[in-house]
Every structure is written in structure tokens, then in C-alpha cells.
file target_17.cif (mmCIF, C-alpha atoms and all ligand atoms)
data_model
#
loop_
_atom_site.label_atom_id
_atom_site.label_comp_id
_atom_site.auth_asym_id
_atom_site.auth_seq_id
_atom_site.Cartn_x
_atom_site.Cartn_y
_atom_site.Cartn_z
CA MET A 1 86.32 91.94 120.63
CA ILE A 2 89.62 91.73 118.77
CA HIS A 3 89.71 93.20 115.29
CA PHE A 4 91.43 91.39 112.45
CA ASN A 5 93.01 94.63 111.30
CA LYS A 6 93.35 98.25 112.36
CA PRO A 7 94.82 100.77 109.91
CA PRO A 8 98.17 102.08 111.17
CA LEU A 9 97.76 105.43 112.92
CA THR A 10 100.91 106.76 114.51
CA GLY A 11 99.72 110.20 115.64
CA ASN A 12 101.13 112.59 113.05
CA GLU A 13 98.71 111.78 110.24
CA GLU A 14 96.10 114.28 111.43
CA ARG A 15 98.56 117.15 111.42
CA TYR A 16 99.90 116.28 107.96
CA VAL A 17 96.44 115.79 106.46
CA LEU A 18 95.39 119.23 107.77
CA GLU A 19 98.60 120.73 106.44
CA ALA A 20 97.87 119.28 103.00
CA MET A 21 94.27 120.50 103.15
CA LYS A 22 95.33 124.03 103.95
CA SER A 23 98.02 124.15 101.29
CA SER A 24 97.04 125.57 97.95
CA LYS A 25 97.71 122.23 96.26
CA ILE A 26 95.71 119.19 97.29
CA SER A 27 95.55 117.44 93.93
CA GLY A 28 98.19 114.93 92.84
CA ASP A 29 101.96 115.35 93.05
CA GLY A 30 101.92 117.97 95.81
CA ALA A 31 104.51 118.39 98.56
CA PHE A 32 103.65 115.21 100.51
CA THR A 33 103.61 113.06 97.36
CA LYS A 34 107.11 114.34 96.54
CA ARG A 35 108.31 113.55 100.06
CA CYS A 36 106.93 110.01 99.80
CA HIS A 37 108.52 109.49 96.37
CA LYS A 38 111.93 110.55 97.69
CA TRP A 39 111.57 108.30 100.75
CA PHE A 40 110.81 105.24 98.61
CA GLU A 41 113.56 105.96 96.11
CA GLU A 42 116.15 106.27 98.89
CA ARG A 43 114.85 103.60 101.20
CA LEU A 44 114.15 100.91 98.60
CA GLY A 45 116.99 101.93 96.31
CA CYS A 46 114.99 102.19 93.10
CA LYS A 47 115.15 104.32 89.93
CA LYS A 48 111.64 105.73 90.16
CA ALA A 49 108.75 105.55 92.60
CA LEU A 50 105.29 106.85 91.65
CA LEU A 51 102.37 106.90 94.08
CA THR A 52 99.15 105.55 92.60
CA THR A 53 95.54 105.37 93.73
CA SER A 54 95.90 101.64 94.49
CA CYS A 55 98.08 98.60 93.87
CA THR A 56 95.41 97.53 91.39
CA HIS A 57 96.17 100.71 89.43
CA ALA A 58 99.93 100.25 89.75
CA LEU A 59 99.50 96.79 88.17
CA GLU A 60 97.27 98.26 85.44
CA MET A 61 99.97 100.83 84.70
CA ALA A 62 102.56 98.05 84.38
CA ALA A 63 100.30 96.20 81.92
CA LEU A 64 99.87 99.39 79.85
CA LEU A 65 103.62 100.11 79.92
CA LEU A 66 104.35 96.60 78.67
CA ASP A 67 101.81 97.01 75.82
CA ILE A 68 99.99 93.84 76.79
CA LYS A 69 97.58 92.87 74.00
CA GLU A 70 94.91 90.36 73.16
CA GLY A 71 96.44 86.90 72.96
CA ASP A 72 99.43 87.61 75.22
CA GLU A 73 99.94 85.22 78.11
CA VAL A 74 100.84 86.18 81.66
CA ILE A 75 102.10 83.64 84.20
CA MET A 76 101.14 83.99 87.88
CA PRO A 77 100.05 81.92 90.88
CA SER A 78 96.33 81.19 91.28
CA TYR A 79 96.58 81.82 95.01
CA THR A 80 96.42 85.63 94.91
CA PHE A 81 94.11 88.63 94.92
CA VAL A 82 91.98 89.26 91.82
CA SER A 83 93.82 92.46 90.85
CA THR A 84 97.00 90.54 89.99
CA ALA A 85 95.06 88.92 87.13
CA ASN A 86 92.55 91.67 86.28
CA ALA A 87 95.22 94.22 85.39
CA PHE A 88 96.33 92.00 82.50
CA VAL A 89 92.87 90.64 81.58
CA LEU A 90 91.77 94.26 81.03
CA ARG A 91 94.35 94.45 78.23
CA GLY A 92 93.11 91.20 76.67
CA ALA A 93 95.71 88.80 78.06
CA THR A 94 95.14 85.15 78.97
CA ILE A 95 96.24 84.25 82.47
CA VAL A 96 98.29 81.07 82.89
CA PHE A 97 98.17 79.91 86.49
CA VAL A 98 100.99 77.91 88.05
CA ASP A 99 100.92 75.94 91.30
CA VAL A 100 102.34 77.33 94.56
CA ARG A 101 104.99 75.93 96.87
CA PRO A 102 103.47 74.46 100.01
CA ASP A 103 106.08 76.07 102.29
CA THR A 104 105.67 79.76 101.36
CA LEU A 105 102.51 79.65 99.20
CA ASN A 106 104.49 81.57 96.60
CA ILE A 107 104.56 80.57 92.91
CA ASP A 108 106.59 77.35 92.50
CA GLU A 109 109.54 78.63 90.47
CA THR A 110 110.36 75.11 89.28
CA LYS A 111 106.97 74.90 87.51
CA ILE A 112 107.15 78.23 85.65
CA GLU A 113 109.23 77.20 82.67
CA ASP A 114 106.76 74.47 81.69
CA ALA A 115 104.06 77.18 81.36
CA VAL A 116 106.07 79.38 78.99
CA THR A 117 104.84 79.44 75.36
CA THR A 118 105.63 81.66 72.37
CA LYS A 119 102.80 83.94 73.58
CA THR A 120 104.14 84.47 77.09
CA LYS A 121 105.03 88.10 77.87
CA VAL A 122 105.20 88.48 81.63
CA ILE A 123 105.76 86.56 84.86
CA VAL A 124 104.04 88.02 87.93
CA PRO A 125 105.50 86.68 91.17
CA VAL A 126 103.32 87.53 94.18
CA HIS A 127 105.29 87.87 97.42
CA TYR A 128 102.72 86.22 99.64
CA ALA A 129 102.63 87.48 103.25
CA GLY A 130 105.59 89.72 102.43
CA VAL A 131 107.90 86.70 102.06
CA ALA A 132 109.91 86.79 98.84
CA CYS A 133 109.49 84.45 95.89
CA GLU A 134 112.62 82.67 94.64
CA MET A 135 113.59 85.70 92.53
CA ASP A 136 117.01 84.54 91.26
CA THR A 137 115.40 81.59 89.48
CA ILE A 138 112.47 83.67 88.23
CA MET A 139 114.72 86.41 86.81
CA GLU A 140 116.91 83.80 85.16
CA ILE A 141 113.91 82.13 83.44
CA ALA A 142 112.61 85.56 82.38
CA SER A 143 115.89 86.61 80.83
CA ARG A 144 116.33 83.30 79.02
CA HIS A 145 112.85 83.63 77.43
CA ASN A 146 112.89 87.41 77.03
CA LEU A 147 110.00 87.97 79.45
CA PHE A 148 109.16 90.86 81.72
CA VAL A 149 108.76 90.47 85.47
CA VAL A 150 106.18 92.47 87.40
CA GLU A 151 106.46 91.87 91.15
CA ASP A 152 103.16 92.00 92.97
CA ALA A 153 104.69 93.29 96.19
CA ALA A 154 101.34 94.54 97.53
CA GLN A 155 102.13 92.87 100.86
CA GLY A 156 105.89 93.33 100.76
CA MET A 157 106.87 96.85 101.86
CA MET A 158 110.07 96.65 103.98
CA SER A 159 110.73 93.01 103.04
CA SER A 160 113.78 91.91 101.11
CA TYR A 161 115.30 89.06 99.11
CA LYS A 162 119.08 88.54 99.42
CA GLY A 163 119.46 92.15 100.53
CA LYS A 164 117.29 93.67 97.78
CA ALA A 165 113.99 95.35 98.61
CA LEU A 166 110.99 93.53 97.17
CA GLY A 167 109.64 95.37 94.14
CA THR A 168 113.12 96.43 93.01
CA ILE A 169 114.18 93.12 91.43
CA GLY A 170 111.83 92.73 88.43
CA HIS A 171 111.12 95.37 85.76
CA PHE A 172 108.28 96.76 87.90
CA GLY A 173 107.11 96.43 91.48
CA ALA A 174 103.57 97.19 92.66
CA PHE A 175 102.70 97.95 96.30
CA SER A 176 99.43 98.51 98.13
CA PHE A 177 98.61 101.07 100.82
CA HIS A 178 95.11 99.73 101.35
CA GLU A 179 94.11 99.98 105.02
CA THR A 180 94.77 96.26 105.50
CA LYS A 181 98.43 96.55 104.47
CA ASN A 182 101.37 97.48 106.73
CA TYR A 183 101.36 101.14 105.66
CA THR A 184 98.34 103.04 104.40
CA SER A 185 97.52 106.23 102.58
CA ALA A 186 94.12 107.09 104.04
CA GLY A 187 92.62 103.68 103.32
CA GLU A 188 93.35 103.24 99.62
CA GLY A 189 96.58 103.80 97.74
CA GLY A 190 99.46 102.20 95.93
CA LEU A 191 102.90 102.59 94.46
CA LEU A 192 104.57 101.66 91.21
CA ILE A 193 108.32 101.07 91.27
CA ILE A 194 110.09 101.32 87.92
CA ASN A 195 113.46 99.62 87.76
CA ASP A 196 114.21 100.05 84.08
CA GLU A 197 114.98 103.67 83.18
CA LYS A 198 113.44 103.32 79.72
CA PHE A 199 109.90 103.09 81.14
CA VAL A 200 110.10 106.15 83.41
CA GLN A 201 108.98 108.90 81.05
CA ARG A 202 106.09 106.92 79.62
CA ALA A 203 104.99 105.91 83.14
CA GLU A 204 104.68 109.58 84.10
CA ILE A 205 102.61 110.20 80.96
CA ILE A 206 100.26 107.23 81.48
CA ARG A 207 99.73 108.26 85.11
CA GLU A 208 98.80 111.81 84.01
CA LYS A 209 95.95 110.94 81.60
CA GLY A 210 98.28 110.40 78.66
CA THR A 211 99.66 113.95 78.81
CA ASN A 212 103.22 115.18 79.16
CA ARG A 213 102.20 117.39 82.08
CA SER A 214 105.05 116.30 84.37
CA LEU A 215 107.60 117.24 81.71
CA PHE A 216 105.81 120.58 81.30
CA PHE A 217 105.99 121.31 85.05
CA ARG A 218 109.69 120.54 84.99
CA GLY A 219 110.12 123.00 82.11
CA MET A 220 111.21 120.29 79.69
CA VAL A 221 108.50 121.03 77.10
CA ASP A 222 106.86 124.42 76.49
CA LYS A 223 103.27 123.25 76.32
CA TYR A 224 101.54 120.17 77.50
CA SER A 225 99.45 117.99 75.26
CA TRP A 226 97.89 114.59 74.78
CA VAL A 227 100.72 112.31 73.69
CA ASP A 228 99.73 108.72 74.61
CA VAL A 229 97.06 106.54 76.19
CA GLY A 230 96.64 107.05 79.91
CA SER A 231 94.32 107.42 82.84
CA SER A 232 94.17 109.16 86.22
CA TYR A 233 96.40 107.11 88.47
CA LEU A 234 97.77 109.78 90.81
CA PRO A 235 96.38 110.15 94.32
CA SER A 236 95.41 113.37 96.09
CA ASP A 237 98.11 114.93 98.25
CA ILE A 238 95.83 114.42 101.28
CA SER A 239 96.27 110.68 100.80
CA ALA A 240 100.03 111.10 100.54
CA ALA A 241 99.99 113.22 103.73
CA TYR A 242 98.42 110.35 105.68
CA LEU A 243 100.96 107.94 104.21
CA TRP A 244 103.80 110.28 105.19
CA GLY A 245 102.67 110.00 108.83
CA ASN A 246 103.03 106.21 108.50
CA LEU A 247 106.37 106.33 106.67
CA GLU A 248 108.01 108.54 109.28
CA CYS A 249 107.37 105.68 111.73
CA ALA A 250 108.06 102.90 109.23
CA ASP A 251 110.70 101.18 111.38
CA GLU A 252 108.62 101.42 114.53
CA ILE A 253 105.60 99.91 112.73
CA ASN A 254 107.77 97.16 111.25
CA GLU A 255 109.36 96.20 114.59
CA ASN A 256 106.02 96.25 116.35
CA ARG A 257 104.50 93.86 113.79
CA LEU A 258 107.55 91.58 113.83
CA ASN A 259 107.30 91.37 117.63
CA SER A 260 103.66 90.28 117.39
CA TRP A 261 104.60 87.75 114.71
CA LYS A 262 107.41 86.26 116.83
CA SER A 263 105.21 86.13 119.87
CA TYR A 264 102.45 84.25 118.01
CA TYR A 265 105.09 81.88 116.62
CA GLU A 266 106.63 81.12 120.02
CA ASN A 267 103.24 80.78 121.67
CA LEU A 268 102.00 78.27 119.10
CA SER A 269 105.13 76.24 118.34
CA PHE A 270 104.25 73.46 120.76
CA LEU A 271 101.11 72.81 118.69
CA GLN A 272 103.32 72.39 115.63
CA ASP A 273 105.67 70.08 117.60
CA GLU A 274 102.67 67.97 118.58
CA GLY A 275 101.51 67.76 114.95
CA PHE A 276 98.32 69.84 115.18
CA ILE A 277 99.24 72.82 113.02
CA GLU A 278 101.91 74.05 110.59
CA LEU A 279 103.54 77.43 111.19
CA PRO A 280 104.78 79.74 108.42
CA ILE A 281 108.22 79.30 106.87
CA VAL A 282 110.58 82.16 105.93
CA PRO A 283 113.36 80.82 103.65
CA ASP A 284 117.02 81.79 104.13
CA GLY A 285 117.88 85.07 102.48
CA CYS A 286 114.38 86.46 102.95
CA ILE A 287 113.64 89.19 105.43
CA GLN A 288 109.92 89.51 106.03
CA ASN A 289 107.72 92.34 107.30
CA ALA A 290 105.13 90.44 109.37
CA HIS A 291 102.41 91.46 106.96
CA MET A 292 100.34 88.55 108.22
CA PHE A 293 100.46 85.75 110.69
CA TYR A 294 98.94 82.63 109.23
CA PHE A 295 99.16 78.93 110.00
CA LYS A 296 97.71 75.79 108.48
CA VAL A 297 95.35 73.29 110.10
CA LYS A 298 94.50 69.73 109.01
CA ASP A 299 91.78 70.43 106.45
CA LEU A 300 88.78 72.55 105.46
CA GLU A 301 86.48 70.97 108.04
CA GLU A 302 88.87 71.68 110.89
CA ARG A 303 89.36 75.25 109.68
CA THR A 304 85.61 75.90 109.59
CA ALA A 305 85.30 74.64 113.17
CA LEU A 306 88.25 76.76 114.36
CA LEU A 307 86.93 79.91 112.67
CA ASP A 308 83.57 79.29 114.39
CA ALA A 309 85.38 79.14 117.73
CA PHE A 310 87.02 82.50 116.97
CA LYS A 311 83.70 83.99 115.96
CA LYS A 312 82.13 82.97 119.28
CA GLU A 313 84.88 84.90 121.09
CA GLU A 314 84.46 87.88 118.73
CA ILE A 315 87.97 87.49 117.35
CA GLY A 316 88.60 88.55 113.78
CA ALA A 317 90.43 85.51 112.41
CA VAL A 318 89.87 84.95 108.68
CA PHE A 319 90.85 82.90 105.64
CA HIS A 320 91.32 84.16 102.11
CA TYR A 321 91.81 83.59 98.40
CA VAL A 322 89.55 81.11 96.79
CA PRO A 323 92.07 80.14 94.06
CA LEU A 324 91.50 82.31 90.99
CA HIS A 325 91.54 79.44 88.51
CA SER A 326 88.39 77.98 90.06
CA ALA A 327 86.53 81.34 90.19
CA PRO A 328 84.07 82.16 87.35
CA ALA A 329 86.29 84.88 85.84
CA GLY A 330 89.39 82.74 86.29
CA ILE A 331 87.80 79.95 84.25
CA LYS A 332 86.84 82.48 81.57
CA TYR A 333 90.14 84.35 81.33
CA GLY A 334 92.72 81.83 82.37
CA ARG A 335 93.94 78.25 82.52
CA PHE A 336 95.93 76.25 85.02
CA ASN A 337 99.16 74.85 83.65
CA GLY A 338 100.18 71.53 85.14
CA VAL A 339 98.63 69.92 88.21
CA ASP A 340 96.97 71.79 91.07
CA GLU A 341 98.84 69.82 93.69
CA PHE A 342 98.95 72.45 96.44
CA THR A 343 97.01 75.61 95.50
CA THR A 344 93.52 74.40 96.42
CA LYS A 345 94.57 72.02 99.19
CA GLU A 346 96.76 74.51 101.05
CA SER A 347 94.30 77.38 100.57
CA GLU A 348 91.64 75.38 102.40
CA ARG A 349 93.88 74.86 105.43
CA LEU A 350 94.96 78.44 105.99
CA VAL A 351 93.91 80.63 108.94
CA ARG A 352 95.01 84.26 109.44
CA LEU A 353 95.17 85.75 112.92
CA PRO A 354 94.61 89.38 113.96
CA MET A 355 97.69 91.40 113.05
CA TYR A 356 98.15 95.14 113.17
CA PHE A 357 100.41 97.88 114.49
CA GLY A 358 99.67 98.14 118.22
CA LEU A 359 98.22 94.63 118.77
CA SER A 360 98.71 94.05 122.51
CA SER A 361 100.22 91.03 124.22
CA ASP A 362 96.91 90.49 126.09
CA GLU A 363 95.10 90.37 122.77
CA ARG A 364 97.63 87.89 121.37
CA ASP A 365 97.24 85.71 124.47
CA THR A 366 93.46 85.71 124.08
CA VAL A 367 93.80 84.70 120.41
CA CYS A 368 96.28 81.90 121.22
CA GLY A 369 94.06 80.78 124.12
CA VAL A 370 91.23 80.04 121.68
CA ILE A 371 93.53 77.89 119.54
CA LYS A 372 94.93 76.03 122.53
CA SER A 373 91.52 75.20 123.92
CA PHE A 374 90.31 74.20 120.43
CA TYR A 375 93.03 71.51 120.44
CA GLY A 376 92.19 70.56 124.05
CA LYS A 377 95.31 72.15 125.57
C1 LIG B 1 96.05 94.01 98.53
C2 LIG B 1 96.53 93.32 97.33
C3 LIG B 1 96.34 93.84 96.04
C4 LIG B 1 95.46 95.02 95.76
O1 LIG B 1 95.82 96.20 96.39
P1 LIG B 1 94.87 97.48 96.29
O2 LIG B 1 95.75 98.59 96.78
O3 LIG B 1 93.69 97.23 97.18
O4 LIG B 1 94.48 97.67 94.87
C5 LIG B 1 96.92 93.18 94.97
N1 LIG B 1 97.65 92.07 95.14
C6 LIG B 1 97.83 91.52 96.36
C7 LIG B 1 98.67 90.28 96.48
C8 LIG B 1 97.28 92.12 97.49
O5 LIG B 1 97.47 91.57 98.69
#
call {"tool": "encode", "arguments": {"input": "target_17.cif", "output": "C-alpha cells"}}
result
Amino acid sequence: MIHFNKPPLTGNEERYVLEAMKSSKISGDGAFTKRCHKWFEERLGCKKALLTTSCTHALEMAALLLDIKEGDEVIMPSYTFVSTANAFVLRGATIVFVDVRPDTLNIDETKIEDAVTTKTKVIVPVHYAGVACEMDTIMEIASRHNLFVVEDAAQGMMSSYKGKALGTIGHFGAFSFHETKNYTSAGEGGLLIINDEKFVQRAEIIREKGTNRSLFFRGMVDKYSWVDVGSSYLPSDISAAYLWGNLECADEINENRLNSWKSYYENLSFLQDEGFIELPIVPDGCIQNAHMFYFKVKDLEERTALLDAFKKEEIGAVFHYVPLHSAPAGIKYGRFNGVDEFTTKESERLVRLPMYFGLSSDERDTVCGVIKSFYGK
């Protein structure tokens, strides 16, 4: 049996989690949370990093910070996870879906401008598989129309676009530390990156139930009170302790995943050369993090047959994302602008292979063996 995913466990997590448990502060913003914040701020080169309880919550914080209201429109791809849309729908926004590019499955930047109306407030590029969207074009469109950019970089930790870390290019970046992502904080967790100084103070307030508690702890106000809307978006320090164990080995985890990715790619390229499958494309200027290894087969029927073959061998290969615009809530809360030329078609062809820190070469060979025999090789 080969699992689709195993949460990264490097060996130090247990010690750090116990250390956090035995400290006198296990609620939010303890010693491990502070260590993680500093690591992200230095490593990604951003103004402010705030751990959150999930990427979903980091996106919700961004929507609150941007004062998204009923009637506002938010542009995003339809080929993404539900949280990208929900964060804005919760504030009353209408989602305007735009088609993806067939090469990267990222939002097609050439089709964004056509979706902009007087109601548009935000563009949300999703860096699918940790491969960057065409950010120069997206930022240029946003600045011309006075729009905000929230990067859904849930899958993009350690990836970059023209030398800049993903999540640090738009006004906000949201990351996930769910157990299926490259780095995890005890199963669930996230991070909000704030790149515009003017949002920092309010972000700390919204994250702390609408109170100015962080300012109080820093001695900047003499009592703390309810000053704004907010919720509880900060994780326990035990979560941050687990994450710290992962972050200390961030480069090792990244290299290990990239090796698996390259090995899958090399092993399967002859099938691409012979016209059976299409392998993923990483555009120039993008450095990826091997968040996933996917490839595309002929059509839905072929994919169903291939996934059955994997199932028989007890291999965790999967597909994902039924396009949001065709889901019941997507129909209710959104609309597709332009023609769905690639979103549905490409989504039906996609297969994801097992990928995690520590995947062995024997396991990769077994996985590739199933694909080769499926195509009669
Ligand atoms: C995983 C993921 C999310 C949600 O992350 P959580 O931490 O589980 O809330 C959002 N967007 C994308 C693109 C994701 O892959």
C-alpha cells in the first residue's frame, strides 16, 4: 500500500510539542509562534507574517481587512479549493470565475481584464501546485484598475516568481499548513502574509477577536479593549511547535520532494514523447516546491480506468477540484466570465500521484510501473 500523502515528520516535532506543553504558555502567540513568525519574515522577505488556524482563516482575514461587502466582486479561477471563494462569499461578495491556462492550470492572466467591472475589488491568483501565476501581468492589471491582490499561496511555500517568494507579491498572501501541504502545523494551520504596512495593526486586532491585545502586550496602550470586528484566528503554540520542527528542516523537505518530482518526471517522459500523457510545465522564472506531481491523460474515461488500476494496487493516486462554477454553491454565489475553454476539460484529465517527504524510490517505481503497464509498456 502506498499512501497519497504522509504529513511531514522530521523527528524534532515531538520534543518541541512537549516543550510547548510544559511551558506556562500554550495559547496563541507563545515562544514557538514567535520563532515561526521570525523565520517567515526573514526567509520570505515580508513585512509581517501571522500564523493562523488555517489558510481558510488567513483568506477570511484578508477579506475582512479589505472590507469586502455585499455586491463587491472578486475575480479568481474556478479550478481551486472552496475556501478561496468562501472567504469572500462570507462577506457578501459575488465571485467572478475566469478560465485557467492549460499549461499551468493557473488563472489565465490574459482573460482577467475582461472580467473587471466597476464592482470589482480583488483578484485572487491561486498558485496551483506551487507554480506561480503570471504575477507581473496580474499586478499591472490590479494597479491600473485600483484592485487588491490576495495570493492564495496555500500550496506555494518555498516557491518563487522571478526571485520573489510567493505570497509576498500581492497585498496579502495566504498559506496552508494542513497535513496535505509541504509543511504542517499538527494537521491544520495557516499563515497570513501582509505586504502593505498599513494593514498590519488592524490584522493583529482582527486576529485577536477585535481587541488591541497585541498592542497592550507590547506596552503600546495601557489597557486592552474591543476596538474592531474580529475573530479567533491564532493557533495554539503546540501547533506552532510542530510547525517549527518542520521549518527547521525546510530545505531538506523541499529537496526531498523535488527529487521525487524529478524522478517521476524522468521516469514518465517517454510516455509523453509517445503521446500518451502530458507532464506538468513550470514556466521560466518560476521556482516550484514539488507540492504535487500531476499529469494529464486523454479524457475522463481514461482517467477513471487509470485510477481503478491504482486502486487495485492499493496506491493512493487521486484527482481533485470539481470546478467551483459548476458546484451548487458556485452557481449560487458566482458566475463564469467568458468561455470555459479549459477549466472543466483539463480538470477531468488530471491525475495526482503519491507525493510526500520521504517517498522512496521503490515506491515511485511501483507507482510508475502501474502507469506503464496501463499503457501496455
Ligand atoms: C489547501 C488549500 C486551501 C485551504 O487550506 P486550509 O489550511 O485547509 O484552510 C485553500 N486554497 C488552496 C488552493 C488549497 O490548496
call {"tool": "closest_residue", "arguments": {"input": "target_17.cif", "among": "A:Gln288, A:Asn5, A:Asn337, A:Thr56", "to": "ligand LIG 1 (chain B)", "atoms": "all atoms listed in the file"}}
result
A:Thr56
call {"tool": "residues_near_ligand", "arguments": {"input": "target_17.cif", "ligand": "ligand LIG 1 (chain B)", "cutoff": "10 Å", "atoms": "only C-alpha atoms and all ligand atoms", "output": "compact mmCIF listing (two decimals) with C-alpha atoms, in the frame of the given file"}}
result
# COMPACT_ATOMS: atom_id res chain seq x y z
CA THR A 52 99.15 105.55 92.60
CA THR A 53 95.54 105.37 93.73
CA SER A 54 95.90 101.64 94.49
CA CYS A 55 98.08 98.60 93.87
CA THR A 56 95.41 97.53 91.39
CA HIS A 57 96.17 100.71 89.43
CA ALA A 58 99.93 100.25 89.75
CA LEU A 59 99.50 96.79 88.17
CA GLU A 60 97.27 98.26 85.44
CA TYR A 79 96.58 81.82 95.01
CA THR A 80 96.42 85.63 94.91
CA PHE A 81 94.11 88.63 94.92
CA VAL A 82 91.98 89.26 91.82
CA SER A 83 93.82 92.46 90.85
CA THR A 84 97.00 90.54 89.99
CA ALA A 85 95.06 88.92 87.13
CA ASN A 86 92.55 91.67 86.28
CA ALA A 87 95.22 94.22 85.39
CA PRO A 125 105.50 86.68 91.17
CA VAL A 126 103.32 87.53 94.18
CA HIS A 127 105.29 87.87 97.42
CA TYR A 128 102.72 86.22 99.64
CA ALA A 129 102.63 87.48 103.25
CA GLY A 130 105.59 89.72 102.43
CA GLU A 151 106.46 91.87 91.15
CA ASP A 152 103.16 92.00 92.97
CA ALA A 153 104.69 93.29 96.19
CA ALA A 154 101.34 94.54 97.53
CA GLN A 155 102.13 92.87 100.86
CA GLY A 156 105.89 93.33 100.76
CA ALA A 174 103.57 97.19 92.66
CA PHE A 175 102.70 97.95 96.30
CA SER A 176 99.43 98.51 98.13
CA PHE A 177 98.61 101.07 100.82
CA HIS A 178 95.11 99.73 101.35
CA GLU A 179 94.11 99.98 105.02
CA THR A 180 94.77 96.26 105.50
CA LYS A 181 98.43 96.55 104.47
CA THR A 184 98.34 103.04 104.40
CA SER A 185 97.52 106.23 102.58
CA GLY A 187 92.62 103.68 103.32
CA GLU A 188 93.35 103.24 99.62
CA GLY A 189 96.58 103.80 97.74
CA GLY A 190 99.46 102.20 95.93
CA LEU A 191 102.90 102.59 94.46
CA HIS A 291 102.41 91.46 106.96
CA TYR A 321 91.81 83.59 98.40
call {"tool": "atom_distance", "arguments": {"input": "target_17.cif", "atom1": "CA of Arg144 in chain A", "atom2": "CA of Thr118 in chain A"}}
result
12.7 Å
call {"tool": "atom_distance", "arguments": {"input": "target_17.cif", "atom1": "CA of Ser27 in chain A", "atom2": "CA of Leu9 in chain A"}}
result
22.6 Å
call {"tool": "residues_around", "arguments": {"input": "target_17.cif", "residues": "range 255-257 of chain A", "least_positions_apart": "6", "cutoff": "10 Å", "atoms": "all atoms listed in the file", "output": "number ranges by chain"}}
result
A: 182, 263, 289-293, 355-360
call {"tool": "closest_residue", "arguments": {"input": "target_17.cif", "among": "A:Thr104, A:Thr94, A:Ser373, A:Ser231", "to": "Lys121 in chain A", "atoms": "all atoms listed in the file"}}
result
A:Thr94
call {"tool": "residues_around", "arguments": {"input": "target_17.cif", "residues": "Gly92 in chain A", "least_positions_apart": "4", "cutoff": "10 Å", "atoms": "all atoms listed in the file", "output": "ChimeraX atom specification"}}
result
/A:68-73,86-88,333
call {"tool": "write_last_selection", "arguments": {"input": "target_17.cif", "atoms": "C-alpha atoms", "output": "mmCIF file, keeping the file's coordinate frame"}}
result
data_model
loop_
_atom_site.group_PDB
_atom_site.id
_atom_site.type_symbol
_atom_site.label_atom_id
_atom_site.label_comp_id
_atom_site.auth_asym_id
_atom_site.auth_seq_id
_atom_site.Cartn_x
_atom_site.Cartn_y
_atom_site.Cartn_z
ATOM 1 C CA ILE A 68 99.990 93.840 76.790
ATOM 2 C CA LYS A 69 97.580 92.870 74.000
ATOM 3 C CA GLU A 70 94.910 90.360 73.160
ATOM 4 C CA GLY A 71 96.440 86.900 72.960
ATOM 5 C CA ASP A 72 99.430 87.610 75.220
ATOM 6 C CA GLU A 73 99.940 85.220 78.110
ATOM 7 C CA ASN A 86 92.550 91.670 86.280
ATOM 8 C CA ALA A 87 95.220 94.220 85.390
ATOM 9 C CA PHE A 88 96.330 92.000 82.500
ATOM 10 C CA TYR A 333 90.140 84.350 81.330
#
call {"tool": "closest_residue", "arguments": {"input": "target_17.cif", "among": "A:Asp196, A:Asp114, A:Asp273, A:Glu348", "to": "Thr304 in chain A", "atoms": "all atoms listed in the file"}}
result
A:Glu348
